[in-house]
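Colleague: final35.tsv (TSV, C-alpha atoms and all ligand atoms) pasted underneath:
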```
chain	number	residue	atom	x	y	z
A	1162	MET	CA	100.19	119.03	95.83
A	1163	LYS	CA	103.63	118.76	94.24
A	1164	ILE	CA	106.01	115.89	94.79
A	1165	THR	CA	109.25	117.37	96.11
A	1166	ASP	CA	111.30	114.21	96.65
A	1167	ALA	CA	111.31	110.56	95.65
A	1168	ARG	CA	114.07	108.33	96.99
A	1169	VAL	CA	114.90	104.65	97.09
A	1170	VAL	CA	116.21	102.77	100.11
A	1171	VAL	CA	117.66	99.28	99.72
A	1172	SER	CA	118.05	97.47	103.02
A	1173	CYS	CA	118.25	93.95	104.44
A	1174	PRO	CA	116.40	93.70	107.77
A	1175	GLY	CA	116.17	89.89	107.67
A	1176	ARG	CA	115.98	89.90	103.87
A	1177	ASN	CA	116.39	92.48	101.13
A	1178	TYR	CA	113.72	95.11	100.60
A	1179	VAL	CA	113.64	98.00	98.17
A	1180	THR	CA	111.49	100.84	99.48
A	1181	LEU	CA	110.38	103.96	97.65
A	1182	VAL	CA	109.63	107.06	99.71
A	1183	ILE	CA	107.73	109.92	98.07
A	1184	GLU	CA	107.45	113.29	99.78
A	1185	THR	CA	105.13	116.19	98.93
A	1186	GLU	CA	105.56	119.93	99.36
A	1187	ASP	CA	103.21	119.76	102.38
A	1188	GLY	CA	105.53	117.27	104.08
A	1189	VAL	CA	103.30	114.20	103.57
A	1190	THR	CA	105.25	111.02	102.82
A	1191	GLY	CA	104.11	107.87	101.09
A	1192	VAL	CA	105.79	104.47	101.03
A	1193	GLY	CA	105.82	101.80	98.32
A	1194	ASP	CA	107.54	98.41	98.04
A	1195	ALA	CA	109.78	97.87	95.00
A	1196	THR	CA	111.29	94.53	95.99
A	1197	LEU	CA	111.94	92.03	93.21
A	1198	ASN	CA	113.49	89.06	94.95
A	1199	GLY	CA	117.02	88.33	93.68
A	1200	ARG	CA	116.95	91.26	91.22
A	1201	GLU	CA	116.52	94.10	93.74
A	1202	LEU	CA	119.10	96.51	92.36
A	1203	ALA	CA	117.61	96.49	88.85
A	1204	VAL	CA	114.37	97.98	90.19
A	1205	ALA	CA	116.26	100.39	92.44
A	1206	SER	CA	118.11	101.70	89.39
A	1207	TYR	CA	114.93	101.87	87.28
A	1208	LEU	CA	113.40	104.06	89.96
A	1209	GLU	CA	116.43	106.15	90.86
A	1210	ASP	CA	117.71	106.70	87.36
A	1211	HIS	CA	114.47	106.93	85.41
A	1212	LEU	CA	111.30	107.45	87.47
A	1213	CYS	CA	112.27	109.53	90.51
A	1214	PRO	CA	113.46	112.47	88.35
A	1215	LEU	CA	110.09	112.38	86.51
A	1216	LEU	CA	108.09	112.30	89.73
A	1217	LYS	CA	109.56	115.47	91.16
A	1218	GLY	CA	107.22	118.35	90.41
A	1219	ARG	CA	104.23	116.15	89.52
A	1220	ASP	CA	100.89	116.43	91.34
A	1221	ALA	CA	100.82	113.61	93.92
A	1222	ARG	CA	97.01	113.47	93.74
A	1223	ARG	CA	96.93	112.28	90.11
A	1224	ILE	CA	97.40	108.55	90.63
A	1225	GLU	CA	95.81	107.22	87.44
A	1226	ASP	CA	97.50	109.86	85.30
A	1227	THR	CA	100.89	109.04	86.83
A	1228	TRP	CA	100.32	105.32	86.25
A	1229	GLN	CA	99.49	105.87	82.58
A	1230	TYR	CA	102.36	108.34	82.19
A	1231	LEU	CA	104.90	105.83	83.51
A	1232	TYR	CA	103.40	102.80	81.72
A	1233	LYS	CA	102.64	104.24	78.30
A	1234	GLY	CA	105.44	106.78	78.50
A	1235	ALA	CA	108.12	104.09	78.85
A	1236	TYR	CA	107.14	102.65	75.45
A	1237	TRP	CA	108.74	99.35	76.70
A	1238	ARG	CA	105.66	98.02	78.42
A	1239	ARG	CA	105.24	95.38	81.13
A	1240	GLY	CA	108.01	93.17	82.53
A	1241	PRO	CA	108.75	92.56	86.22
A	1242	VAL	CA	111.26	95.40	86.64
A	1243	THR	CA	109.09	98.08	85.05
A	1244	MET	CA	105.88	96.94	86.71
A	1245	THR	CA	107.46	96.58	90.17
A	1246	ALA	CA	108.81	100.12	89.88
A	1247	ILE	CA	105.41	101.46	88.77
A	1248	ALA	CA	103.76	99.50	91.60
A	1249	ALA	CA	105.96	101.18	94.20
A	1250	VAL	CA	105.06	104.63	92.87
A	1251	ASP	CA	101.37	103.74	92.77
A	1252	VAL	CA	101.23	102.41	96.34
A	1253	ALA	CA	103.19	105.39	97.66
A	1254	LEU	CA	100.69	107.75	95.99
A	1255	TRP	CA	97.69	105.86	97.42
A	1256	ASP	CA	99.41	106.08	100.82
A	1257	ILE	CA	99.71	109.85	100.42
A	1258	LYS	CA	96.09	110.17	99.27
A	1259	GLY	CA	94.89	108.25	102.31
A	1260	LYS	CA	97.00	110.32	104.68
A	1261	VAL	CA	95.73	113.57	103.19
A	1262	ALA	CA	92.11	112.33	103.38
A	1263	GLY	CA	92.66	111.04	106.92
A	1264	MET	CA	91.38	107.62	105.85
A	1265	PRO	CA	92.75	104.11	105.44
A	1266	VAL	CA	93.14	103.30	101.74
A	1267	TYR	CA	90.40	100.65	101.80
A	1268	GLN	CA	87.88	103.42	102.54
A	1269	LEU	CA	88.99	105.21	99.38
A	1270	LEU	CA	88.51	101.95	97.44
A	1271	GLY	CA	84.85	101.69	98.42
A	1272	GLY	CA	85.04	100.61	102.06
A	1273	ALA	CA	85.13	97.20	103.69
A	1274	ALA	CA	83.26	94.46	101.86
A	1275	ARG	CA	83.86	92.04	104.76
A	1276	GLU	CA	85.01	92.01	108.39
A	1277	GLY	CA	88.43	90.51	107.72
A	1278	VAL	CA	90.56	88.83	105.07
A	1279	MET	CA	91.07	85.07	105.35
A	1280	VAL	CA	94.79	84.30	105.16
A	1281	TYR	CA	96.71	81.08	104.69
A	1282	GLY	CA	99.92	80.20	106.47
A	1283	HIS	CA	102.71	77.84	105.43
A	1284	ALA	CA	103.20	74.48	107.10
A	1285	SER	CA	106.12	72.36	105.99
A	1286	GLY	CA	108.37	69.54	107.11
A	1287	ASP	CA	111.17	67.24	106.08
A	1288	THR	CA	108.93	64.33	107.03
A	1289	LEU	CA	105.16	63.92	107.20
A	1290	ASP	CA	105.43	63.82	111.01
A	1291	GLU	CA	107.15	67.22	110.98
A	1292	LEU	CA	104.57	68.57	108.54
A	1293	SER	CA	101.78	67.33	110.75
A	1294	SER	CA	103.15	69.04	113.87
A	1295	ASP	CA	103.68	72.29	111.94
A	1296	PHE	CA	100.10	72.00	110.64
A	1297	GLN	CA	98.85	71.58	114.23
A	1298	ALA	CA	100.90	74.63	115.28
A	1299	HIS	CA	99.12	76.67	112.58
A	1300	LEU	CA	95.70	75.47	113.76
A	1301	ASP	CA	96.69	76.43	117.31
A	1302	GLN	CA	97.45	79.93	116.04
A	1303	GLY	CA	93.93	80.16	114.59
A	1304	TYR	CA	94.59	79.62	110.86
A	1305	LYS	CA	91.57	78.44	108.88
A	1306	ALA	CA	93.68	77.69	105.81
A	1307	VAL	CA	97.16	76.19	105.61
A	1308	ARG	CA	99.50	75.47	102.72
A	1309	ILE	CA	101.33	72.13	102.97
A	1310	GLN	CA	104.76	71.29	101.51
A	1311	ALA	CA	106.99	68.37	102.51
A	1312	SER	CA	110.31	66.98	101.34
A	1313	VAL	CA	109.87	64.45	98.57
A	1314	PRO	CA	111.57	61.15	99.45
A	1315	GLY	CA	114.47	60.57	97.09
A	1316	LEU	CA	115.12	64.23	96.37
A	1317	ASP	CA	117.84	66.15	98.21
A	1318	HIS	CA	116.00	69.35	98.75
A	1319	THR	CA	112.42	70.24	97.93
A	1320	TYR	CA	110.90	73.67	97.39
A	1321	GLY	CA	109.05	75.35	100.21
A	1322	ILE	CA	110.43	73.53	103.25
A	1323	ALA	CA	111.50	75.89	106.02
A	1324	PRO	CA	114.63	74.58	107.79
A	1325	SER	CA	113.89	73.45	111.35
A	1326	ASP	CA	116.18	76.20	112.73
A	1327	GLY	CA	113.36	78.63	111.91
A	1328	SER	CA	115.12	80.27	108.97
A	1329	VAL	CA	113.54	80.79	105.56
A	1330	TYR	CA	113.61	78.44	102.58
A	1331	GLU	CA	114.89	81.09	100.21
A	1332	PRO	CA	116.87	82.97	99.18
A	1333	ALA	CA	120.23	81.51	100.13
A	1334	GLY	CA	123.16	83.82	100.82
A	1335	GLY	CA	126.30	83.65	98.73
A	1336	SER	CA	127.46	84.76	95.35
A	1337	ARG	CA	125.73	81.97	93.38
A	1338	PRO	CA	122.26	80.44	93.53
A	1339	GLN	CA	121.79	77.30	95.59
A	1340	GLU	CA	120.86	74.32	93.38
A	1341	ASP	CA	117.84	72.16	94.18
A	1342	ARG	CA	116.90	68.81	92.63
A	1343	TRP	CA	113.57	67.82	91.18
A	1344	GLU	CA	112.06	64.77	89.49
A	1345	THR	CA	108.34	64.64	88.92
A	1346	THR	CA	108.24	60.83	89.03
A	1347	ALA	CA	109.48	61.01	92.65
A	1348	TYR	CA	106.83	63.58	93.53
A	1349	ILE	CA	103.71	62.36	91.78
A	1350	ASP	CA	102.72	59.55	94.17
A	1351	PHE	CA	103.95	61.43	97.20
A	1352	ALA	CA	101.58	64.42	96.96
A	1353	PRO	CA	98.38	62.33	97.42
A	1354	GLU	CA	100.04	60.53	100.33
A	1355	MET	CA	100.84	63.88	101.96
A	1356	PHE	CA	97.25	65.10	101.52
A	1357	ALA	CA	95.83	61.79	102.77
A	1358	ARG	CA	97.86	62.04	105.94
A	1359	ILE	CA	96.76	65.63	106.67
A	1360	ARG	CA	93.07	64.94	105.95
A	1361	LYS	CA	93.11	61.75	108.03
A	1362	GLU	CA	94.62	63.54	110.97
A	1363	PHE	CA	92.85	66.90	110.79
A	1364	GLY	CA	89.64	66.22	108.85
A	1365	TYR	CA	87.95	68.46	106.30
A	1366	GLY	CA	87.11	71.49	108.47
A	1367	VAL	CA	90.24	73.37	107.47
A	1368	HIS	CA	91.32	74.56	104.01
A	1369	VAL	CA	94.44	72.86	102.67
A	1370	LEU	CA	96.52	74.42	99.88
A	1371	HIS	CA	99.57	73.25	97.96
A	1372	ASP	CA	102.14	74.98	95.71
A	1373	LEU	CA	103.64	73.18	92.70
A	1374	HIS	CA	105.88	76.12	91.81
A	1375	HIS	CA	105.57	75.75	88.01
A	1376	ARG	CA	107.21	72.30	87.99
A	1377	LEU	CA	104.84	69.99	86.16
A	1378	THR	CA	103.85	69.54	82.56
A	1379	PRO	CA	100.15	70.21	81.89
A	1380	ILE	CA	99.29	66.51	81.69
A	1381	GLU	CA	101.20	65.77	84.92
A	1382	ALA	CA	99.29	68.63	86.52
A	1383	GLY	CA	96.00	67.15	85.31
A	1384	ARG	CA	96.96	63.83	86.84
A	1385	ILE	CA	97.94	65.34	90.20
A	1386	GLY	CA	94.81	67.46	90.26
A	1387	ARG	CA	92.66	64.39	89.72
A	1388	ALA	CA	94.55	62.32	92.30
A	1389	LEU	CA	94.06	65.05	94.89
A	1390	GLU	CA	90.32	65.51	94.30
A	1391	PRO	CA	89.23	63.20	97.17
A	1392	TYR	CA	91.24	65.37	99.60
A	1393	ARG	CA	89.49	68.55	98.45
A	1394	PRO	CA	92.42	70.98	98.15
A	1395	PHE	CA	91.42	74.63	98.40
A	1396	TRP	CA	93.72	75.00	95.39
A	1397	ILE	CA	96.83	73.74	93.69
A	1398	GLU	CA	99.09	76.66	92.87
A	1399	ASP	CA	101.23	77.23	89.77
A	1400	PRO	CA	100.90	73.67	88.46
A	1401	THR	CA	102.71	74.45	85.19
A	1402	PRO	CA	104.59	77.50	83.86
A	1403	ALA	CA	101.94	80.01	82.80
A	1404	GLU	CA	103.70	81.73	79.93
A	1405	ASP	CA	101.58	79.42	77.83
A	1406	GLN	CA	98.09	80.27	79.04
A	1407	SER	CA	96.42	77.80	76.69
A	1408	ALA	CA	98.23	74.92	78.48
A	1409	PHE	CA	95.69	75.29	81.26
A	1410	ARG	CA	92.95	73.98	78.96
A	1411	LEU	CA	94.58	70.57	79.17
A	1412	ILE	CA	94.66	70.66	82.97
A	1413	ARG	CA	91.00	71.69	83.08
A	1414	GLN	CA	90.01	68.75	80.89
A	1415	HIS	CA	91.31	66.35	83.52
A	1416	THR	CA	90.48	67.72	86.93
A	1417	THR	CA	88.04	69.76	89.00
A	1418	THR	CA	90.70	70.63	91.60
A	1419	PRO	CA	90.74	74.45	91.80
A	1420	ILE	CA	93.76	76.12	90.23
A	1421	ALA	CA	95.59	79.25	91.38
A	1422	VAL	CA	98.15	81.10	89.27
A	1423	GLY	CA	99.82	84.47	89.10
A	1424	GLU	CA	102.65	85.33	91.51
A	1425	VAL	CA	105.04	85.93	88.60
A	1426	PHE	CA	102.53	87.91	86.54
A	1427	ASN	CA	103.00	91.63	86.18
A	1428	SER	CA	100.14	92.64	83.93
A	1429	ILE	CA	96.50	91.95	83.14
A	1430	TRP	CA	97.65	90.64	79.76
A	1431	ASP	CA	99.46	87.76	81.48
A	1432	CYS	CA	96.14	86.40	82.70
A	1433	GLN	CA	93.60	87.65	80.17
A	1434	GLN	CA	93.10	84.24	78.57
A	1435	LEU	CA	93.28	82.36	81.88
A	1436	ILE	CA	90.46	84.51	83.21
A	1437	THR	CA	88.23	84.96	80.19
A	1438	GLU	CA	88.36	81.24	79.31
A	1439	ARG	CA	87.79	80.37	83.01
A	1440	LEU	CA	90.96	78.26	83.04
A	1441	ILE	CA	91.76	79.17	86.65
A	1442	ASP	CA	89.80	79.70	89.86
A	1443	TYR	CA	92.11	82.09	91.73
A	1444	ILE	CA	94.32	84.84	90.38
A	1445	ARG	CA	97.39	85.33	92.59
A	1446	ALA	CA	98.97	88.49	91.15
A	1447	SER	CA	100.62	90.69	93.75
A	1448	VAL	CA	100.27	94.37	94.44
A	1449	SER	CA	104.03	94.89	94.22
A	1450	HIS	CA	104.79	93.02	90.99
A	1451	ALA	CA	101.62	93.75	89.04
A	1452	GLY	CA	101.55	97.53	88.89
A	1453	GLY	CA	100.28	98.46	92.34
A	1454	ILE	CA	96.79	98.97	93.73
A	1455	THR	CA	95.59	100.63	90.51
A	1456	HIS	CA	96.48	97.74	88.22
A	1457	LEU	CA	95.76	94.91	90.67
A	1458	ARG	CA	92.21	96.20	91.07
A	1459	ARG	CA	91.83	96.18	87.30
A	1460	ILE	CA	92.93	92.52	87.21
A	1461	PHE	CA	90.56	91.57	90.03
A	1462	SER	CA	87.67	93.42	88.37
A	1463	LEU	CA	88.19	91.46	85.16
A	1464	ALA	CA	88.41	88.26	87.21
A	1465	ASP	CA	85.15	89.08	88.98
A	1466	LEU	CA	83.28	89.13	85.67
A	1467	TYR	CA	84.30	85.51	85.11
A	1468	GLY	CA	83.81	84.16	88.62
A	1469	VAL	CA	87.54	84.04	89.34
A	1470	ARG	CA	88.56	85.03	92.87
A	1471	SER	CA	91.67	86.72	94.20
A	1472	GLY	CA	94.44	84.95	96.10
A	1473	SER	CA	97.22	87.48	96.32
A	1474	HIS	CA	100.81	86.46	96.66
A	1475	GLY	CA	102.07	87.44	100.11
A	1476	ALA	CA	105.44	85.76	100.54
A	1477	GLY	CA	108.07	87.22	102.85
A	1478	ASP	CA	109.89	88.87	99.95
A	1479	LEU	CA	106.97	91.31	99.68
A	1480	SER	CA	107.66	93.95	102.32
A	1481	PRO	CA	105.12	94.97	105.00
A	1482	ALA	CA	104.22	97.92	102.72
A	1483	SER	CA	103.07	95.43	100.07
A	1484	PHE	CA	101.26	93.19	102.50
A	1485	ALA	CA	99.38	96.18	103.89
A	1486	ALA	CA	98.51	97.48	100.41
A	1487	ALA	CA	97.26	94.00	99.45
A	1488	LEU	CA	95.00	93.93	102.52
A	1489	HIS	CA	93.36	97.24	101.56
A	1490	VAL	CA	92.55	95.76	98.15
A	1491	ASP	CA	91.42	92.43	99.65
A	1492	LEU	CA	89.09	94.07	102.13
A	1493	SER	CA	87.34	96.17	99.51
A	1494	ILE	CA	86.89	93.94	96.44
A	1495	PRO	CA	83.79	91.78	95.92
A	1496	ASN	CA	85.72	88.67	94.79
A	1497	LEU	CA	88.25	87.98	97.53
A	1498	GLY	CA	89.39	84.37	97.64
A	1499	ILE	CA	92.17	84.30	100.21
A	1500	GLN	CA	95.43	86.11	100.98
A	1501	GLU	CA	98.82	84.47	101.49
A	1502	TYR	CA	100.52	85.40	104.76
A	1503	MET	CA	104.07	84.43	105.59
A	1504	GLY	CA	104.90	87.24	107.99
A	1505	HIS	CA	108.21	89.05	108.13
A	1506	ARG	CA	111.36	87.96	109.83
A	1507	SER	CA	113.02	89.91	112.56
A	1508	PRO	CA	114.44	92.61	112.48
A	1509	ALA	CA	111.96	93.82	109.79
A	1510	GLU	CA	109.77	95.22	112.60
A	1511	GLU	CA	112.59	97.67	113.49
A	1512	VAL	CA	112.28	99.19	110.03
A	1513	PHE	CA	108.55	98.88	109.23
A	1514	THR	CA	105.81	99.73	111.74
A	1515	SER	CA	102.44	98.40	110.58
A	1516	SER	CA	98.85	98.98	111.60
A	1517	TYR	CA	97.61	95.66	110.19
A	1518	SER	CA	96.75	92.72	112.38
A	1519	VAL	CA	96.32	88.99	111.88
A	1520	GLU	CA	94.01	87.22	114.29
A	1521	ASP	CA	92.02	84.02	114.22
A	1522	GLY	CA	93.11	83.30	110.63
A	1523	HIS	CA	91.96	86.68	109.35
A	1524	ALA	CA	93.86	89.88	108.61
A	1525	HIS	CA	92.75	93.50	108.73
A	1526	PRO	CA	94.76	96.48	107.44
A	1527	GLY	CA	93.83	98.66	110.44
A	1528	ASP	CA	92.45	102.17	110.34
A	1529	ALA	CA	95.56	104.32	110.22
A	1530	PRO	CA	95.38	106.86	107.37
A	1531	GLY	CA	97.06	105.67	104.15
A	1532	ILE	CA	98.31	102.10	103.87
A	1533	GLY	CA	99.19	102.08	107.56
A	1534	VAL	CA	102.90	101.32	107.30
A	1535	GLU	CA	105.63	103.68	108.49
A	1536	PHE	CA	109.17	103.20	107.22
A	1537	ASP	CA	112.12	104.22	109.42
A	1538	GLU	CA	114.94	105.24	107.07
A	1539	GLU	CA	117.51	105.54	109.86
A	1540	ALA	CA	116.76	102.05	111.08
A	1541	ALA	CA	116.95	100.74	107.49
A	1542	ALA	CA	120.47	102.17	107.17
A	1543	ARG	CA	121.60	99.79	109.91
A	1544	PHE	CA	120.84	96.82	107.63
A	1545	PRO	CA	122.75	97.18	104.37
A	1546	TYR	CA	121.87	95.24	101.22
A	1547	GLU	CA	123.21	91.68	101.00
A	1548	PRO	CA	123.47	90.06	97.54
A	1549	ARG	CA	121.28	86.93	97.47
A	1550	TYR	CA	119.87	84.72	94.76
A	1551	LEU	CA	116.77	82.59	94.43
A	1552	PRO	CA	117.68	78.93	93.96
A	1553	ILE	CA	117.77	77.22	90.61
A	1554	ASN	CA	116.42	73.75	90.04
A	1555	ARG	CA	117.87	70.77	88.15
A	1556	ARG	CA	116.47	67.38	87.29
A	1557	LEU	CA	118.39	64.38	88.57
A	1558	ASP	CA	120.28	64.15	85.25
A	1559	GLY	CA	121.41	67.78	85.63
A	1560	THR	CA	118.95	69.44	83.24
A	1561	VAL	CA	117.92	72.91	84.40
A	1562	HIS	CA	114.22	72.74	85.33
A	1563	ASP	CA	111.56	75.27	86.30
A	1564	TRP	CA	112.10	76.51	89.85
B	1	LIG	C1	106.08	81.19	96.73
B	1	LIG	C2	107.06	82.29	96.92
B	1	LIG	O1	104.76	82.18	98.37
B	1	LIG	C3	104.76	81.48	97.38
B	1	LIG	O2	103.77	80.97	96.92
B	1	LIG	O3	105.91	80.63	95.50
B	1	LIG	O4	107.71	82.00	98.11
B	1	LIG	C4	108.07	82.53	95.82
B	1	LIG	O5	108.92	81.45	95.67
B	1	LIG	C5	108.85	83.75	96.17
B	1	LIG	O6	107.97	84.81	96.39
B	1	LIG	C6	109.87	84.10	95.10
B	1	LIG	O7	110.40	85.33	95.37
B	2	MG	MG	103.93	80.16	95.05
```
Here is the file; what I need is its structure written in the form of C-alpha cells.
Ligand code: CS2
Ligand code: MG
Modeller:
Amino acid sequence: MKITDARVVVSCPGRNYVTLVIETEDGVTGVGDATLNGRELAVASYLEDHLCPLLKGRDARRIEDTWQYLYKGAYWRRGPVTMTAIAAVDVALWDIKGKVAGMPVYQLLGGAAREGVMVYGHASGDTLDELSSDFQAHLDQGYKAVRIQASVPGLDHTYGIAPSDGSVYEPAGGSRPQEDRWETTAYIDFAPEMFARIRKEFGYGVHVLHDLHHRLTPIEAGRIGRALEPYRPFWIEDPTPAEDQSAFRLIRQHTTTPIAVGEVFNSIWDCQQLITERLIDYIRASVSHAGGITHLRRIFSLADLYGVRSGSHGAGDLSPASFAAALHVDLSIPNLGIQEYMGHRSPAEEVFTSSYSVEDGHAHPGDAPGIGVEFDEEAAARFPYEPRYLPINRRLDGTVHDW
C-alpha cells in the first residue's frame, strides 16, 4: 500500500495548527498533528522539505520501520521539531492502518483497558472568588478532576489564567512575545491559601491539580509540595525545569505530593532517569511532541515497570487529531493516570470533525475507524496562519525566568 501524497496544511481556526495529510494509492487518507506552539513553521518546513519527499512511495503499513527510518536516518536525533514531525507521520499512519482494518486505533493497540479516560479541566480566576465559581462550573459539567490556577497577588499577570472574556491565556497575537512577571516569594504562601480555599469549599471528593510551569528551584518545589500535602493535590506539575532530571531527587526528599512532568519532553531519554529512579508519579509526554503513538507507548511501557502512570498533555495547542490519538493510547494502556482536556476553540470544529466524546468527566475516542478525526482542507484554507508567540517571563527585577 504505497503512499502517493504527503502534504502539510498550516491554518489558524482559533489558533495555529499544522496538519499532515498522508494519502495512499488506494485513496485512504491519514491525519497527524504537527503543531509546535510558537514554532509552527519550523515543523512545517521539516515535513515539507525533508520528510514528505521520503514518504512518497513507501509502504504505509510499515509504521515501526518508517519511525526508525526517520529517527535513525536523520542522524540528528530527538529535539522538538524532529520529534513533532515524526509524531505527525506516525499518527497519520496509525490512522490509515485503522481505516484499512475498519477499526478504531485503540483496538489495534490491544483494545479498551477501561470504559473511559478520566480527564481534568482547567479552572482559573483573577481572584479566589472567580476561581471558586469556575471550579463549581467544572463540577457542574461533570469533571471529577480540575486543575486550579489563580493570579498571584502582587504580580501583574500569572500563568494559566484565562481572561474573563472567554479567550485563551496564550499565545498572544503580535510580532513579539507578551512579557509576564514572576516572583516565587509572592507565590509561595499563596498556593497553600488557594488550595485551602478550594478544599474548604468543595471537600476532598474531587481531584485537584496544579501547574507550576517549571518556575521553582528544586528546594522551593520541595517546600511547596510539603505545604500542599494536607490538601492532597492529585499532582503538582512541572515544579522545576526538567532538563536536570537529578534535581527531582531533592524534591522527593522533602515531599510526598505526587509529581507530574513531561509536556516539553520529546523522547524516552528525557525521562529515563525520572522514571527508573521513581522521581515522578506521572509522565505527561504528549503524542504530538514525543514521537507519536509508537514512541509514547514505549515511554508509558517503561513507566509502567516502575509504577509511574500516564498524564498526557492535552492543551489547546494540540489539535483534535492529537487529542484523539492520545485517547486511543489512554484507553488501551494498563497505567493510565489521567488525561488533560482543554477543548478546542471555535472555529476549530469547522476544520476538524471528531468522533471522540467527553461526558461525566471521562473521554472516549469513539469507534470510527482510525483515530476518528476528519480534516477538512477547504475549510482550513479559510483560516490562514497568524504569527503568534508564547509569552516570556521575567522576574520583578527584569531577569528572564522560566516560563
Ligand atoms: C500547559 C500548556 O496545559 C498545560 O499544562 O502547561 O498550556 C502549555 O503552556 C502549552 O501547551 C504551551 O504550548
Ligand atoms: Mg503544563
Colleague: Tell me, as a PyMOL selection string, which residues lie within 8 Å of region 1202-1218 of chain A, counting all atoms listed in the file; anything in the same chain fewer than 5 positions away does not count.
Modeller: chain A and resi 1163-1169+1171+1179+1195-1197+1231+1242-1243+1245-1246
Colleague: What separation in Å, quoted to one decimal, exists between CA of Phe1409 (chain A) and atom MG of ligand MG 2 (chain B)?
Modeller: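 Separation of CA of Phe1409 (chain A) and atom MG of ligand MG 2 (chain B): 16.8 Å.
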Colleague: Please, which residues in region 1235-1323 of chain A fall within 10 Å of region 1413-1426 of chain A when counting all atoms listed in the file, and what is the closest atom pair and distance in Å to one decimal for each, ordered by chain then residue number, as JSON lines?
Modeller:
```
{"residue": "A:Arg1239", "atom": "CA", "partner": "A:Phe1426", "partner_atom": "CA", "distance": 9.6}
{"residue": "A:Gly1240", "atom": "CA", "partner": "A:Phe1426", "partner_atom": "CA", "distance": 8.6}
{"residue": "A:Pro1241", "atom": "CA", "partner": "A:Phe1426", "partner_atom": "CA", "distance": 7.8}
{"residue": "A:Met1244", "atom": "CA", "partner": "A:Phe1426", "partner_atom": "CA", "distance": 9.6}
```
Colleague: Throw together the list of residues within 9 Å of ligand MG 2 (chain B), counting all atoms listed in the file, and drop it here as a ChimeraX atom specification.
Modeller: /A:1321,1371-1375,1398-1399,1422-1425,1445,1474,1476
Colleague: Considering only C-alpha atoms and all ligand atoms, state which residue in the set A:His1456, A:Arg1223, A:Arg1337, A:Arg1376 is at the smallest distance from ligand LIG 1 (chain B).
Modeller: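 Counting only C-alpha atoms and all ligand atoms, the residue closest to ligand LIG 1 (chain B) is A:Arg1376.
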Colleague: Could you jot down the CA of Ile1532 (chain A) to CA of Asp1301 (chain A) separation for me, Å, one decimal place?
Modeller: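 Rounded to one decimal, the two atoms are 29.0 Å apart.
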Colleague: Pick from A:Leu1551, A:Ala1253, A:Ala1311, A:Cys1432: nearest to ligand LIG 1 (chain B), with all atoms listed in the file counted?
Modeller: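 Distance minimum relative to ligand LIG 1 (chain B) lands on A:Leu1551.
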Colleague: Which residue gives the smallest distance to Thr1378 (chain A) among A:Ile1349, A:Val1182, A:Ala1451, A:Ala1357, with all atoms listed in the file counted?
Modeller: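 For Thr1378 (chain A), the nearest of the given residues is A:Ile1349.
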Colleague: Identify which of the residues A:Tyr1467, A:Tyr1178, A:Phe1461, A:Tyr1236 lies closest to ligand LIG 1 (chain B), counting all atoms listed in the file when measuring atom-to-atom distances.
Modeller: A:Tyr1178
Colleague: Distance CA of Ala1446 (chain A)-CA of Ile1309 (chain A), one decimal place?
Modeller: 20.3 Å
Colleague: Need the shell around Thr1345 (chain A): protein/DNA/RNA residues with any atom at most 12 Å away, counting all atoms listed in the file. Skip same-chain ones fewer than 4 positions apart. Format as number ranges by chain?
Modeller: A: 1313-1316, 1319, 1349-1352, 1373, 1375-1378, 1380-1382, 1384-1385, 1400-1401, 1555-1557, 1562-1563
Colleague: Which residue, A:Ile1454, A:Val1261, A:Val1307, A:Met1355, has the smallest gap to ligand LIG 1 (chain B) when you use all atoms listed in the file?
Modeller: A:Val1307
